[in-house]
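**Student:** Got a structure for you, written out below as structure tokens; questions coming shortly.
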Amino acid sequence: LSDQFKTDNDKRMIDKLACKPLKSTPKLADMDPSSFDAVFFAGGHGTCVDFPTDQVGGFITRAAAADKVVAAVCHGPMSLVNAKGADGAPLVKGKKVAIFTDAEEGQVGLTEKVPFLLEQKMRELGADVQVADAWSDNAVRDGKLVTGQNPQSSV
């Protein structure tokens, strides 16, 4: 960032702290899910690339095996794509989930930009996708899996 665009927070983080809070954050794959009561995956379009990985899926698989609450909202359920249940099947198979819908993706004009449509993918994985009207709050709990459809669902 050039100095003209740096906010006071940017200056504090970059200059005074040398980005230590960011650089010292451990990788999710290196963390022990049993040390948490719950894990939460927030949404945003960046998660469409960052979350559907073997590392994130493995962490969630271990969290679910440790009987932890796994929660995600909006695009956060991208984190569930590679997670497995105790039987090796997709963690979401047969479970009720609320996710950012294909209709909502179309309304924000990013259908062609995301690597895959989350609603379609969850259905392919065998999830029981619970869809509410676009942009309405919709949170669903199925056992220790808690999901929300969009930002309104996190309030």
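In the structure tokens, the first chain shown is A, the next is B, and so on; residue numbers restart at 1 for each chain, and ligands run from 1 in the order shown.
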Which of chain A counts as strand (DSSP E or B) under DSSP, as a VMD selection string please?

**Tutor:** chain A and resid 38 to 41 69 to 73 84 90 96 to 97 128 to 129 139 to 142 145 to 148

**Student:** Could you dump the residues just selected with N, CA and C atoms as a compact mmCIF listing (two decimals), in the first residue's frame?

**Tutor:**
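And here's out09.txt as it stands now:
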# COMPACT_ATOMS: atom_id res chain seq x y z
N ALA A 38 -16.06 -25.45 19.70
CA ALA A 38 -16.75 -25.30 18.43
C ALA A 38 -15.80 -24.65 17.43
N VAL A 39 -16.05 -24.89 16.16
CA VAL A 39 -15.32 -24.20 15.10
C VAL A 39 -16.34 -23.54 14.19
N PHE A 40 -16.03 -22.32 13.74
CA PHE A 40 -16.94 -21.55 12.92
C PHE A 40 -16.23 -21.06 11.68
N PHE A 41 -16.85 -21.26 10.53
CA PHE A 41 -16.30 -20.82 9.26
C PHE A 41 -17.21 -19.75 8.68
N VAL A 69 -18.88 -28.95 17.87
CA VAL A 69 -19.83 -28.21 17.04
C VAL A 69 -19.06 -27.65 15.85
N VAL A 70 -19.59 -27.87 14.67
CA VAL A 70 -19.02 -27.31 13.44
C VAL A 70 -20.09 -26.39 12.86
N ALA A 71 -19.73 -25.13 12.68
CA ALA A 71 -20.70 -24.14 12.20
C ALA A 71 -20.12 -23.36 11.03
N ALA A 72 -21.00 -22.96 10.12
CA ALA A 72 -20.58 -22.19 8.95
C ALA A 72 -21.77 -21.40 8.43
N VAL A 73 -21.49 -20.23 7.86
CA VAL A 73 -22.56 -19.39 7.33
C VAL A 73 -22.16 -18.83 5.97
N LYS A 84 -15.32 -35.46 5.96
CA LYS A 84 -15.89 -36.81 5.95
C LYS A 84 -16.46 -37.18 7.31
N PRO A 90 -19.25 -38.27 2.71
CA PRO A 90 -19.24 -36.83 2.98
C PRO A 90 -19.96 -36.52 4.30
N LYS A 96 -29.19 -31.96 7.16
CA LYS A 96 -29.80 -30.69 6.76
C LYS A 96 -28.75 -29.59 6.84
N VAL A 97 -28.64 -28.83 5.76
CA VAL A 97 -27.72 -27.69 5.73
C VAL A 97 -28.39 -26.50 5.05
N ASP A 128 -29.13 -32.54 2.56
CA ASP A 128 -30.53 -32.14 2.49
C ASP A 128 -30.54 -30.61 2.61
N VAL A 129 -30.43 -29.93 1.47
CA VAL A 129 -30.27 -28.48 1.45
C VAL A 129 -31.59 -27.79 1.76
N ALA A 139 -31.20 -20.36 9.35
CA ALA A 139 -30.18 -21.12 10.06
C ALA A 139 -30.73 -22.50 10.38
N VAL A 140 -29.90 -23.52 10.24
CA VAL A 140 -30.32 -24.90 10.40
C VAL A 140 -29.31 -25.63 11.30
N ARG A 141 -29.85 -26.45 12.21
CA ARG A 141 -28.98 -27.29 13.03
C ARG A 141 -29.36 -28.74 12.79
N ASP A 142 -28.37 -29.55 12.52
CA ASP A 142 -28.56 -30.98 12.39
C ASP A 142 -27.49 -31.63 13.26
N LEU A 145 -23.89 -29.99 13.64
CA LEU A 145 -23.60 -29.21 12.44
C LEU A 145 -24.61 -28.07 12.36
N VAL A 146 -24.10 -26.83 12.36
CA VAL A 146 -24.95 -25.64 12.33
C VAL A 146 -24.55 -24.80 11.13
N THR A 147 -25.53 -24.50 10.26
CA THR A 147 -25.22 -23.75 9.04
C THR A 147 -26.24 -22.65 8.82
N GLY A 148 -25.81 -21.61 8.10
CA GLY A 148 -26.68 -20.50 7.76
C GLY A 148 -26.56 -20.14 6.30

**Student:** For A:Phe59, find every residue with an atom within 9 Å (counting only C-alpha atoms), except residues of its own chain fewer than 2 positions away, and show them as an NGL selection string.

**Tutor:** :A and (28-33 or 54-57 or 61-64 or 83)

**Student:** Would you mind exporting the chosen residues as a compact mmCIF listing (two decimals), in the first residue's frame, restricted to N, CA, C and O atoms?

**Tutor:**
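Once everything was written out, this is result_16.txt:
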# COMPACT_ATOMS: atom_id res chain seq x y z
N LEU A 28 -4.47 -23.77 10.13
CA LEU A 28 -5.57 -24.59 10.61
C LEU A 28 -5.19 -26.07 10.62
O LEU A 28 -5.50 -26.80 11.57
N ALA A 29 -4.50 -26.52 9.59
CA ALA A 29 -4.12 -27.93 9.49
C ALA A 29 -3.21 -28.37 10.63
O ALA A 29 -3.14 -29.55 10.95
N ASP A 30 -2.52 -27.41 11.26
CA ASP A 30 -1.61 -27.73 12.36
C ASP A 30 -2.28 -27.66 13.73
O ASP A 30 -1.64 -27.95 14.75
N MET A 31 -3.55 -27.30 13.76
CA MET A 31 -4.24 -27.14 15.03
C MET A 31 -4.99 -28.42 15.40
O MET A 31 -5.37 -29.20 14.54
N ASP A 32 -5.20 -28.60 16.69
CA ASP A 32 -5.90 -29.76 17.22
C ASP A 32 -7.35 -29.38 17.47
O ASP A 32 -7.64 -28.62 18.39
N PRO A 33 -8.30 -29.89 16.68
CA PRO A 33 -9.70 -29.51 16.85
C PRO A 33 -10.27 -29.89 18.21
O PRO A 33 -11.23 -29.28 18.67
N ASP A 54 -8.25 -30.16 1.06
CA ASP A 54 -8.08 -31.36 1.88
C ASP A 54 -7.71 -30.98 3.32
O ASP A 54 -8.12 -31.65 4.26
N GLN A 55 -6.93 -29.89 3.48
CA GLN A 55 -6.50 -29.49 4.81
C GLN A 55 -7.69 -29.03 5.66
O GLN A 55 -7.82 -29.43 6.82
N VAL A 56 -8.53 -28.19 5.09
CA VAL A 56 -9.71 -27.73 5.83
C VAL A 56 -10.67 -28.88 6.05
O VAL A 56 -11.19 -29.07 7.15
N GLY A 57 -10.90 -29.67 5.02
CA GLY A 57 -11.78 -30.84 5.17
C GLY A 57 -11.28 -31.80 6.23
O GLY A 57 -12.06 -32.34 7.02
N THR A 61 -13.18 -32.91 9.57
CA THR A 61 -13.37 -34.35 9.80
C THR A 61 -12.93 -34.70 11.22
O THR A 61 -13.64 -35.42 11.94
N ARG A 62 -11.78 -34.19 11.64
CA ARG A 62 -11.27 -34.46 12.99
C ARG A 62 -12.14 -33.79 14.05
O ARG A 62 -12.37 -34.36 15.12
N ALA A 63 -12.63 -32.59 13.77
CA ALA A 63 -13.51 -31.89 14.72
C ALA A 63 -14.81 -32.66 14.92
O ALA A 63 -15.27 -32.84 16.04
N ALA A 64 -15.39 -33.12 13.83
CA ALA A 64 -16.64 -33.89 13.92
C ALA A 64 -16.40 -35.21 14.67
O ALA A 64 -17.22 -35.61 15.49
N ALA A 83 -14.95 -32.57 3.92
CA ALA A 83 -15.05 -33.17 5.26
C ALA A 83 -15.77 -34.52 5.16
O ALA A 83 -16.71 -34.67 4.38

**Student:** Among chain A, which residues does DSSP mark as helix (DSSP H, G or I) when it is run on the backbone? Keep the chain and numbering as in the structure and answer as JSON, numbers by chain.

**Tutor:** {"A": [3, 4, 5, 8, 9, 10, 11, 12, 13, 14, 15, 16, 20, 21, 22, 23, 28, 29, 30, 33, 34, 35, 47, 48, 49, 50, 54, 55, 56, 57, 58, 59, 60, 61, 62, 63, 64, 65, 76, 77, 78, 79, 80, 102, 103, 104, 105, 106, 107, 118, 119, 120, 121, 122, 123, 124, 151, 152, 153, 154]}

**Student:** Could you name the residues that touch A:Cys48 at 8 Å or less, counting only C-alpha atoms, but leaving out those on the same chain fewer than 3 positions away, as number ranges by chain?

**Tutor:** A: 44-45, 51-52, 75, 78, 114-115

**Student:** Neighbours of A:Gly126 within 12 Å (only C-alpha atoms; same-chain residues fewer than 2 positions away dropped), as a PyMOL selection string?

**Tutor:** chain A and resi 81+89-97+119-124+128-129

**Student:** Mind giving me the straight-line distance from atom CA of A:Leu22 to atom CA of A:Ser34 in Å, one decimal?

**Tutor:**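 For atom CA of A:Leu22 relative to atom CA of A:Ser34, the distance reads 23.0 Å.
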